[in-house]
$ cat upload-v9.cif   # mmCIF, C-alpha atoms
data_data
loop_
_atom_site.label_atom_id
_atom_site.label_comp_id
_atom_site.auth_asym_id
_atom_site.auth_seq_id
_atom_site.Cartn_x
_atom_site.Cartn_y
_atom_site.Cartn_z
CA MET A 1 117.27 104.94 221.36
CA ALA A 2 114.68 107.04 219.52
CA ARG A 3 111.88 105.04 217.90
CA TYR A 4 109.93 106.24 214.87
CA LEU A 5 106.23 105.41 215.13
CA LYS A 6 105.70 107.28 211.85
CA SER A 7 108.20 108.29 209.14
CA GLY A 8 107.99 110.75 206.26
CA GLN A 9 109.27 110.97 202.68
CA SER A 10 112.69 109.49 201.94
CA GLU A 11 115.72 111.61 201.06
CA THR A 12 115.85 109.99 197.59
CA GLU A 13 112.29 111.07 196.82
CA LYS A 14 113.05 114.60 198.00
CA ALA A 15 116.17 114.78 195.79
CA GLU A 16 114.22 113.71 192.70
CA GLU A 17 111.60 116.40 193.26
CA ASN A 18 114.26 119.05 193.88
CA ALA A 19 116.03 118.20 190.62
CA LYS A 20 112.84 118.77 188.62
CA VAL A 21 112.26 122.14 190.28
CA ARG A 22 115.87 123.23 189.66
CA ALA A 23 115.62 122.61 185.93
CA ILE A 24 112.33 124.50 185.55
CA VAL A 25 113.61 127.49 187.52
CA GLU A 26 116.90 127.70 185.63
CA ALA A 27 115.13 127.82 182.27
CA THR A 28 112.56 130.35 183.50
CA LEU A 29 115.14 132.75 184.94
CA ALA A 30 117.08 132.61 181.66
CA GLU A 31 113.92 133.65 179.83
CA ILE A 32 113.35 136.59 182.17
CA GLU A 33 116.96 137.74 181.90
CA THR A 34 116.89 137.55 178.09
CA ARG A 35 113.41 138.83 177.31
CA GLY A 36 112.49 140.97 180.31
CA ASP A 37 108.93 142.26 180.51
CA ALA A 38 107.71 140.08 177.65
CA ALA A 39 108.78 136.90 179.44
CA VAL A 40 107.30 138.11 182.73
CA ALA A 41 103.96 138.82 181.06
CA GLU A 42 103.87 135.40 179.38
CA LEU A 43 104.70 133.62 182.63
CA SER A 44 102.05 135.55 184.54
CA ALA A 45 99.43 134.64 181.97
CA LYS A 46 100.51 131.01 181.93
CA PHE A 47 100.76 130.34 185.67
CA ASP A 48 98.37 132.86 187.22
CA GLY A 49 95.97 133.62 184.38
CA TRP A 50 96.84 137.27 185.04
CA GLU A 51 97.39 139.68 182.15
CA ARG A 52 97.79 143.45 182.18
CA GLU A 53 99.97 146.12 180.63
CA SER A 54 101.74 147.05 183.87
CA PHE A 55 101.99 144.80 186.90
CA ARG A 56 102.68 147.72 189.22
CA LEU A 57 99.56 148.83 191.06
CA SER A 58 98.59 152.48 190.75
CA GLU A 59 97.80 154.69 193.74
CA GLN A 60 94.13 154.47 192.80
CA GLU A 61 94.24 150.66 192.78
CA ILE A 62 95.97 150.62 196.16
CA GLU A 63 93.36 152.99 197.61
CA GLY A 64 90.66 150.78 196.12
CA CYS A 65 92.08 147.78 198.00
CA LEU A 66 92.15 149.75 201.27
CA SER A 67 88.55 150.83 200.79
CA ARG A 68 87.43 147.18 200.64
CA MET A 69 88.87 146.41 204.07
CA SER A 70 86.78 146.78 207.21
CA ALA A 71 87.89 149.16 209.93
CA GLN A 72 88.55 146.17 212.18
CA ASP A 73 90.73 144.49 209.55
CA ILE A 74 92.84 147.61 209.17
CA THR A 75 93.11 148.01 212.96
CA ASP A 76 94.28 144.40 213.28
CA ILE A 77 96.86 144.77 210.51
CA LYS A 78 98.18 147.95 212.09
CA PHE A 79 98.38 146.23 215.49
CA ALA A 80 100.39 143.33 214.07
CA GLN A 81 102.71 145.68 212.20
CA GLU A 82 103.27 147.74 215.33
CA GLN A 83 104.38 144.63 217.23
CA VAL A 84 106.82 143.72 214.45
CA ARG A 85 108.04 147.32 214.21
CA ASN A 86 108.56 147.61 217.96
CA PHE A 87 110.64 144.45 218.25
CA ALA A 88 112.62 145.27 215.10
CA GLN A 89 113.41 148.70 216.54
CA ILE A 90 114.63 147.12 219.77
CA GLN A 91 116.89 144.87 217.70
CA ARG A 92 118.10 147.83 215.61
CA ASP A 93 118.92 149.83 218.72
CA ALA A 94 121.12 146.96 219.90
CA LEU A 95 123.31 147.28 216.78
CA LYS A 96 125.80 150.06 217.36
CA ASP A 97 128.33 151.71 215.09
CA VAL A 98 131.74 151.54 216.74
CA GLU A 99 135.00 153.48 216.53
CA VAL A 100 137.94 152.81 218.82
CA GLU A 101 141.63 153.69 219.01
CA THR A 102 143.18 150.24 219.32
CA LEU A 103 146.78 151.51 219.41
CA PRO A 104 148.12 155.08 219.66
CA GLY A 105 147.21 156.67 216.33
CA VAL A 106 145.35 153.61 214.99
CA VAL A 107 141.57 154.01 214.73
CA LEU A 108 139.26 151.15 213.68
CA GLY A 109 135.51 151.18 213.31
CA HIS A 110 132.45 149.79 211.66
CA LYS A 111 129.18 151.23 210.39
CA ASN A 112 125.86 149.44 209.97
CA ILE A 113 124.71 150.55 206.52
CA PRO A 114 121.23 149.67 205.18
CA VAL A 115 120.92 147.85 201.86
CA ASN A 116 119.75 150.37 199.24
CA ALA A 117 116.95 148.42 197.55
CA ILE A 118 115.09 145.24 198.42
CA GLY A 119 112.36 143.15 196.85
CA CYS A 120 109.83 141.55 199.20
CA TYR A 121 107.90 138.53 197.98
CA VAL A 122 104.58 137.88 199.73
CA PRO A 123 103.07 134.45 198.92
CA GLY A 124 99.43 134.37 197.97
CA GLY A 125 98.69 131.33 195.83
CA LYS A 126 96.92 129.04 198.33
CA TYR A 127 96.53 131.61 201.10
CA PRO A 128 96.96 135.40 201.06
CA MET A 129 99.95 135.65 203.40
CA VAL A 130 99.20 139.06 204.87
CA ALA A 131 101.65 138.57 207.75
CA SER A 132 104.59 138.05 205.40
CA ALA A 133 104.25 141.67 204.33
CA HIS A 134 104.81 142.79 207.91
CA MET A 135 107.86 140.62 208.38
CA SER A 136 109.80 141.88 205.37
CA ILE A 137 108.53 145.36 204.55
CA VAL A 138 108.15 146.71 208.10
CA THR A 139 111.48 145.26 209.22
CA ALA A 140 113.29 146.70 206.20
CA GLY A 141 111.80 150.09 206.95
CA VAL A 142 113.13 149.99 210.50
CA ALA A 143 116.57 149.11 209.11
CA GLY A 144 116.48 152.22 206.91
CA VAL A 145 116.27 150.61 203.45
CA LYS A 146 115.74 153.42 200.91
CA ARG A 147 113.67 151.55 198.30
CA ILE A 148 111.29 148.76 199.23
CA ILE A 149 109.32 147.04 196.49
CA ALA A 150 106.88 144.21 197.04
CA ALA A 151 105.20 141.60 194.87
CA SER A 152 102.40 139.12 195.46
CA PRO A 153 100.39 137.00 193.02
CA PRO A 154 96.75 137.64 192.16
CA PHE A 155 94.21 135.89 194.36
CA ASN A 156 90.97 134.79 192.73
CA GLY A 157 91.84 136.81 189.65
CA GLU A 158 92.70 140.16 191.25
CA PRO A 159 95.12 141.82 193.65
CA ASN A 160 94.30 140.62 197.15
CA PRO A 161 92.98 143.63 199.10
CA ALA A 162 94.32 142.46 202.46
CA VAL A 163 97.83 141.77 201.12
CA VAL A 164 97.96 145.07 199.25
CA THR A 165 96.73 146.90 202.35
CA ALA A 166 99.45 145.28 204.47
CA MET A 167 102.11 146.12 201.88
CA HIS A 168 100.98 149.74 201.71
CA LEU A 169 100.62 150.26 205.46
CA GLY A 170 103.96 148.51 205.96
CA GLY A 171 105.72 151.10 203.82
CA ALA A 172 106.28 149.56 200.38
CA ASP A 173 107.34 152.13 197.78
CA GLU A 174 106.20 150.03 194.80
CA ILE A 175 103.61 147.24 194.80
CA TYR A 176 103.35 144.66 192.02
CA CYS A 177 100.63 142.09 191.46
CA LEU A 178 102.96 139.38 190.24
CA GLY A 179 103.71 135.88 191.50
CA GLY A 180 106.15 133.01 191.39
CA ILE A 181 109.47 132.81 189.58
CA GLN A 182 108.49 135.74 187.39
CA ALA A 183 108.10 138.02 190.43
CA VAL A 184 111.41 137.25 192.14
CA GLY A 185 113.20 137.03 188.80
CA ALA A 186 111.94 140.45 187.69
CA MET A 187 112.79 142.08 191.01
CA ALA A 188 116.28 140.59 191.12
CA LEU A 189 117.30 140.86 187.46
CA GLY A 190 115.32 143.96 186.54
CA THR A 191 113.27 144.46 183.38
CA GLU A 192 112.42 147.40 181.15
CA THR A 193 109.82 148.59 183.69
CA ILE A 194 111.03 147.15 187.01
CA ALA A 195 114.35 148.41 188.35
CA GLY A 196 116.34 145.60 189.93
CA VAL A 197 117.01 145.36 193.65
CA ASP A 198 120.03 144.47 195.76
CA MET A 199 118.35 141.83 197.92
CA LEU A 200 115.36 139.46 197.84
CA VAL A 201 113.42 138.49 200.95
CA GLY A 202 110.27 136.59 201.83
CA PRO A 203 109.00 133.00 201.75
CA GLY A 204 107.40 131.19 198.84
CA ASN A 205 106.73 127.82 197.28
CA ALA A 206 109.42 125.44 196.07
CA PHE A 207 109.83 127.34 192.79
CA VAL A 208 110.23 130.71 194.51
CA ALA A 209 112.70 129.24 196.99
CA GLU A 210 114.76 127.67 194.20
CA ALA A 211 114.68 130.90 192.20
CA LYS A 212 116.09 132.78 195.18
CA ARG A 213 118.78 130.13 195.56
CA GLN A 214 119.81 130.44 191.91
CA LEU A 215 119.77 134.25 192.07
CA TYR A 216 121.91 134.36 195.21
CA GLY A 217 125.19 136.05 194.38
CA ARG A 218 123.69 138.39 191.84
CA VAL A 219 121.55 139.66 194.70
CA GLY A 220 121.50 138.95 198.39
CA ILE A 221 118.75 136.85 199.94
CA ASP A 222 117.41 136.43 203.42
CA LEU A 223 117.45 132.63 203.63
CA PHE A 224 117.49 129.45 201.58
CA ALA A 225 113.89 128.60 202.34
CA GLY A 226 111.98 125.35 201.99
CA PRO A 227 108.48 124.26 203.02
CA THR A 228 107.28 125.30 206.46
CA GLU A 229 108.51 122.96 209.19
CA THR A 230 107.23 122.44 212.70
CA LEU A 231 108.53 120.33 215.57
CA VAL A 232 106.45 119.78 218.69
CA ILE A 233 108.46 118.68 221.72
CA ALA A 234 106.06 117.48 224.37
CA ASP A 235 105.69 115.29 227.44
CA GLU A 236 102.77 114.02 229.52
CA THR A 237 102.08 117.51 230.93
CA VAL A 238 100.00 118.17 227.78
CA ASP A 239 97.52 116.08 225.80
CA GLY A 240 97.13 114.77 222.29
CA GLU A 241 94.51 117.34 221.32
CA ILE A 242 96.79 120.37 221.69
CA CYS A 243 99.74 118.56 220.11
CA ALA A 244 97.64 117.58 217.09
CA ALA A 245 96.34 121.14 216.73
CA ASP A 246 99.87 122.53 216.72
CA LEU A 247 101.06 119.95 214.19
CA LEU A 248 98.17 120.44 211.77
CA GLY A 249 98.22 124.21 212.23
CA GLN A 250 101.54 124.27 210.38
CA ALA A 251 100.97 121.26 208.10
CA GLU A 252 98.21 123.24 206.40
CA HIS A 253 100.86 125.54 204.88
CA GLY A 254 101.36 123.05 202.06
CA PRO A 255 101.40 119.39 201.09
CA THR A 256 105.17 119.15 201.60
CA SER A 257 105.33 120.76 205.05
CA PRO A 258 106.93 118.44 207.63
CA ALA A 259 105.23 118.24 211.04
CA ILE A 260 107.03 116.21 213.71
CA LEU A 261 106.10 115.16 217.23
CA LEU A 262 109.03 114.43 219.54
CA THR A 263 108.10 113.02 222.92
CA ASN A 264 109.23 110.80 225.76
CA SER A 265 105.69 109.45 226.24
CA GLU A 266 104.45 106.68 223.96
CA LYS A 267 100.93 107.25 225.28
CA LEU A 268 101.05 110.90 224.21
CA ALA A 269 102.48 109.85 220.84
CA ARG A 270 99.63 107.45 220.14
CA ASP A 271 96.99 109.83 221.53
CA THR A 272 98.32 112.57 219.24
CA MET A 273 98.25 110.33 216.17
CA ALA A 274 94.64 109.45 216.92
CA GLU A 275 93.80 113.12 217.48
CA VAL A 276 95.39 114.12 214.18
CA GLU A 277 93.11 111.69 212.36
CA ARG A 278 90.06 112.98 214.25
CA GLN A 279 90.87 116.64 213.62
CA LEU A 280 91.45 115.95 209.94
CA THR A 281 87.78 115.00 209.67
CA ILE A 282 86.72 118.50 210.72
CA LEU A 283 89.59 120.81 209.69
CA PRO A 284 88.60 122.98 206.68
CA THR A 285 92.16 122.74 205.32
CA ALA A 286 92.34 118.98 205.85
CA GLU A 287 93.05 118.20 202.20
CA ILE A 288 96.40 120.01 202.34
CA ALA A 289 97.24 119.32 205.99
CA GLY A 290 96.32 115.66 205.64
CA GLN A 291 98.59 115.14 202.66
CA ALA A 292 101.47 116.87 204.49
CA TRP A 293 100.91 114.66 207.53
CA ARG A 294 100.65 111.44 205.51
CA ASP A 295 103.75 112.13 203.40
CA HIS A 296 105.96 114.15 205.74
CA GLY A 297 104.65 113.77 209.28
CA GLN A 298 106.77 111.96 211.87
CA VAL A 299 106.27 110.74 215.42
CA ILE A 300 109.42 110.02 217.42
CA VAL A 301 109.52 108.55 220.91
CA CYS A 302 112.66 109.12 223.01
CA GLU A 303 113.86 107.69 226.31
CA ASP A 304 114.25 111.01 228.12
CA GLU A 305 114.71 114.76 227.72
CA ALA A 306 118.41 114.43 226.93
CA GLU A 307 117.63 112.23 223.93
CA MET A 308 114.80 114.57 222.91
CA LEU A 309 117.30 117.44 222.92
CA ALA A 310 119.81 115.54 220.80
CA VAL A 311 117.19 114.53 218.24
CA ALA A 312 115.72 118.05 218.14
CA ASP A 313 119.13 119.62 217.50
CA ASP A 314 119.71 117.11 214.69
CA ILE A 315 116.33 117.94 213.10
CA ALA A 316 117.10 121.70 213.38
CA SER A 317 113.48 122.61 212.68
CA GLU A 318 112.18 125.99 211.57
CA HIS A 319 109.54 126.19 214.33
CA VAL A 320 109.90 124.39 217.66
CA GLN A 321 106.94 124.28 220.02
CA VAL A 322 108.08 123.14 223.49
CA MET A 323 105.37 121.87 225.83
CA THR A 324 107.20 120.06 228.60
CA ARG A 325 107.53 120.20 232.36
CA ASP A 326 110.38 122.71 232.03
CA PRO A 327 110.38 124.44 228.62
CA ASN A 328 113.19 126.78 229.69
CA TRP A 329 115.55 123.78 229.86
CA PHE A 330 115.30 123.57 226.08
CA LEU A 331 115.83 127.34 225.75
CA GLU A 332 119.01 127.02 227.80
CA ASN A 333 120.34 123.92 226.03
CA MET A 334 118.99 123.71 222.49
CA THR A 335 121.21 125.20 219.76
CA ASN A 336 119.60 124.43 216.37
CA TYR A 337 116.20 126.02 215.74
CA GLY A 338 114.60 128.86 213.82
CA ALA A 339 112.34 130.05 216.63
CA LEU A 340 111.26 128.58 219.96
CA PHE A 341 107.72 128.75 221.32
CA LEU A 342 107.89 127.96 225.01
CA GLY A 343 104.96 126.49 226.90
CA PRO A 344 101.40 125.62 225.88
CA GLU A 345 100.25 129.22 226.33
CA THR A 346 102.08 130.31 223.16
CA ASN A 347 102.19 128.69 219.74
CA VAL A 348 103.66 129.04 216.26
CA SER A 349 100.57 130.82 214.92
CA TYR A 350 101.19 133.71 217.32
CA GLY A 351 104.69 134.07 215.90
CA ASP A 352 103.44 133.72 212.33
CA LYS A 353 100.84 136.43 212.60
CA VAL A 354 101.11 138.96 215.38
CA ILE A 355 103.37 138.59 218.41
CA GLY A 356 106.24 140.62 216.95
CA THR A 357 109.09 138.22 216.24
CA ASN A 358 109.85 137.58 212.59
CA HIS A 359 108.29 134.50 210.99
CA THR A 360 110.71 134.19 208.04
CA LEU A 361 112.92 131.45 209.45
CA PRO A 362 115.55 128.89 208.37
CA THR A 363 114.39 125.52 206.99
CA LYS A 364 116.09 122.37 205.68
CA LYS A 365 118.52 122.26 208.63
CA ALA A 366 119.81 125.79 207.94
CA ALA A 367 119.13 126.53 211.62
CA ARG A 368 122.49 124.84 212.22
CA TYR A 369 124.22 127.99 210.96
CA THR A 370 121.76 130.89 210.80
CA GLY A 371 118.82 132.47 212.52
CA GLY A 372 115.83 133.96 210.74
CA LEU A 373 115.07 137.25 209.05
CA TRP A 374 115.60 140.24 211.34
CA VAL A 375 116.53 143.88 211.06
CA GLY A 376 120.22 142.99 210.93
CA LYS A 377 119.74 141.09 207.64
CA PHE A 378 119.05 144.43 205.93
CA LEU A 379 122.26 145.98 207.26
CA LYS A 380 125.81 145.65 206.00
CA THR A 381 128.36 145.91 208.81
CA CYS A 382 131.24 147.60 207.00
CA THR A 383 134.61 148.32 208.56
CA TYR A 384 136.93 151.26 208.13
CA GLN A 385 140.33 152.27 209.44
CA ARG A 386 142.21 155.48 209.96
CA ILE A 387 145.82 156.09 211.02
CA THR A 388 146.21 159.53 212.53
CA THR A 389 149.98 159.88 213.05
CA PRO A 390 153.11 159.19 210.97
CA GLU A 391 154.60 157.25 213.88
CA ALA A 392 151.64 154.86 213.96
CA SER A 393 151.85 154.29 210.20
CA ALA A 394 155.56 153.47 210.40
CA MET A 395 155.09 151.13 213.36
CA ILE A 396 152.26 149.17 211.71
CA GLY A 397 154.22 149.25 208.45
CA GLU A 398 157.23 147.49 209.95
CA TYR A 399 155.07 144.59 211.16
CA CYS A 400 153.18 144.49 207.86
CA SER A 401 156.40 144.44 205.80
CA ARG A 402 157.79 141.44 207.64
CA LEU A 403 154.48 139.57 207.45
CA CYS A 404 154.24 140.24 203.69
CA ALA A 405 157.74 138.85 203.25
CA ILE A 406 156.71 135.61 204.95
CA GLU A 407 153.95 135.20 202.35
CA GLY A 408 156.03 136.33 199.40
CA PHE A 409 153.80 139.29 198.51
CA ALA A 410 156.34 141.81 197.24
CA GLY A 411 153.77 144.37 196.12
CA HIS A 412 152.01 144.23 199.46
CA GLN A 413 155.37 144.64 201.18
CA GLU A 414 156.16 147.76 199.16
CA GLN A 415 152.87 149.32 200.20
CA ALA A 416 154.11 149.03 203.77
CA ASP A 417 157.74 149.89 203.07
CA ILE A 418 157.01 153.15 201.27
CA ARG A 419 155.22 154.38 204.37
CA VAL A 420 157.97 153.19 206.67
CA ARG A 421 160.47 155.12 204.54
CA ARG A 422 158.37 158.26 204.42
CA TYR A 423 157.03 158.31 207.94
CA GLY A 424 159.56 156.43 210.01
CA GLY A 425 162.91 157.31 208.54
CA LYS A 426 163.81 153.61 208.15
CA ASN A 427 164.28 151.31 205.16
CA THR A 428 163.16 147.76 205.80
CA GLY A 429 163.26 146.75 202.16
#
$ encode --input "upload-v9.cif" --output "structure tokens"
Amino acid sequence: MARYLKSGQSETEKAEENAKVRAIVEATLAEIETRGDAAVAELSAKFDGWERESFRLSEQEIEGCLSRMSAQDITDIKFAQEQVRNFAQIQRDALKDVEVETLPGVVLGHKNIPVNAIGCYVPGGKYPMVASAHMSIVTAGVAGVKRIIAASPPFNGEPNPAVVTAMHLGGADEIYCLGGIQAVGAMALGTETIAGVDMLVGPGNAFVAEAKRQLYGRVGIDLFAGPTETLVIADETVDGEICAADLLGQAEHGPTSPAILLTNSEKLARDTMAEVERQLTILPTAEIAGQAWRDHGQVIVCEDEAEMLAVADDIASEHVQVMTRDPNWFLENMTNYGALFLGPETNVSYGDKVIGTNHTLPTKKAARYTGGLWVGKFLKTCTYQRITTPEASAMIGEYCSRLCAIEGFAGHQEQADIRVRRYGGKNTG
């Protein structure tokens, strides 16, 4: 039976925090919907200390941000975006429109239609999340979205040059220096100066995530997102140093980010716990990562790989780093995860920043029923049908009429019967 050498925050404590966030977000969105630009401006001043007449960046401001980037920085951003674009294009090419004659004279099909307008949120409060621009904007472009707008909060009192550069190079049509609830609320609901979108994508803090949840239905969203999660599955083939690095590398996202070690080696478990404490003495982001580890970190020791698999599927973590004797065994058998990182040679940071897979992934056990953001999220698979002969219409109509009668839908039945009468020379009514 799995043993917990370290446990995180209780479910009761999490529920209390979530309730507070829900109330704040509900009131804030109501203000934005009622008062539009005025509410957005007040919220920006209050939470970001950022005031200006228009939050949309001009072409000159965007060019100014690009001019502050080194040639190497721009090369690196372009490289990362090319990896994301390449993999998204491979995924897009795998999605085919179909049309098939299923019966004589009966043609069915579907088309993959891009969403018309999306709003991409790029976090930037604690860290300027340059890579998040690639994941949403570039991928939406590959899908064929017609209008892509993007928003990110000010960083140190101004638009972050690296984030703006990534947004621009990624293909954003409009760029706003705007953060938090006010950004996603304005993009989703629309204001006097910001035309609303059909879908919101991108990660964010607890308030952004809750705002997206409350806006879902009025607009589409990519995922119900929570704090970054990481699960390291490891055995004695690796050491505590690399396990600790992979745990803290994701814990630094925020003070509520769970980082979990799952192992069948108690020695590795204890070595990793000791290494975490050592690395926290030298890690520049130790204040955030340390709080996340203290409050949300877990260390679980299992009997064998089968129990590790069962526990991992129950956790359903966003990121799963597998460093075991046979990582492919988990690829073949594990079912609940956002993304797998197989072997010590790769790691979650590669996926977050550059390797090409999308880093916007399911959290809070959503991996039980969905994968992460990908080109298909920006496409609507819409069906159509066509009947090409009177005989086919009458034949389908006879079946339809009888099935409608079973359900008592007289109007439905008449839709079928009128075609049977006209095209088949029969009266089934």
$ resolve_selection --input "upload-v9.cif" --expression "the PyMOL selection byres ((chain A and resi 337) around 8)" --output "list in words"
Asp313, Ala316, Ser317, Glu318, His319, Val320, Met334, Thr335, Asn336, Gly338, Ala339, Leu340, Pro362, Ala367, Arg368 and Gly371 of chain A
$ resolve_selection --input "upload-v9.cif" --expression "the PyMOL selection byres ((chain A and resi 37) around 9)" --output "ChimeraX atom specification"
/A:32,35-36,38-42,186,190-194
$ resolve_selection --input "upload-v9.cif" --expression "the PyMOL selection byres ((chain A and resi 180-184) around 7)" --output "ChimeraX atom specification"
/A:40,43,121,151,178-179,185-188,207-208,211
$ closest_residue --input "upload-v9.cif" --among "A:Leu108, A:Val301, A:Leu403, A:Met129" --to "Pro154 (chain A)" --atoms "all atoms listed in the file"
A:Met129
$ closest_residue --input "upload-v9.cif" --among "A:Cys177, A:Leu283, A:Ala140, A:Leu29" --to "Trp50 (chain A)" --atoms "all atoms listed in the file"
A:Cys177
$ residues_around --input "upload-v9.cif" --residues "region 302-308 of chain A" --least-positions-apart "3" --cutoff "10 Å" --atoms "all atoms listed in the file" --output "ChimeraX atom specification"
/A:1-4,233-235,262-266,311-314,324,329-330,333
$ residues_around --input "upload-v9.cif" --residues "Gln413 (chain A)" --least-positions-apart "2" --cutoff "6 Å" --atoms "only C-alpha atoms" --output "compact mmCIF listing (two decimals) with C-alpha atoms, keeping the file's coordinate frame"
# COMPACT_ATOMS: atom_id res chain seq x y z
CA SER A 401 156.40 144.44 205.80
CA CYS A 404 154.24 140.24 203.69
CA ALA A 410 156.34 141.81 197.24
CA GLY A 411 153.77 144.37 196.12
CA GLN A 415 152.87 149.32 200.20
CA ALA A 416 154.11 149.03 203.77
$ residues_around --input "upload-v9.cif" --residues "Pro227 (chain A)" --least-positions-apart "2" --cutoff "9 Å" --atoms "only C-alpha atoms" --output "ChimeraX atom specification"
/A:203-206,209,225,229,253-258,363-364
$ atom_distance --input "upload-v9.cif" --atom1 "CA of Asp271 (chain A)" --atom2 "CA of Ile242 (chain A)"
10.5 Å
$ closest_residue --input "upload-v9.cif" --among "A:Ala162, A:Cys120, A:Leu268, A:Met199" --to "Thr75 (chain A)" --atoms "all atoms listed in the file"
A:Ala162
$ closest_residue --input "upload-v9.cif" --among "A:Asp93, A:Glu332, A:Glu210, A:Glu158" --to "Cys65 (chain A)" --atoms "all atoms listed in the file"
A:Glu158
$ closest_residue --input "upload-v9.cif" --among "A:Ala244, A:Leu342, A:Leu103, A:Ile387" --to "Asp326 (chain A)" --atoms "only C-alpha atoms"
A:Leu342
$ axis_aligned_box --input "upload-v9.cif" --around "region 373-390 of chain A" --padding-each-side "8 Å" --output "JSON"
{"center_x": 134.1, "center_y": 148.6, "center_z": 209.5, "size_x": 54.0, "size_y": 38.6, "size_z": 23.1}
$ atom_distance --input "upload-v9.cif" --atom1 "CA of Pro161 (chain A)" --atom2 "CA of Leu66 (chain A)"
6.5 Å
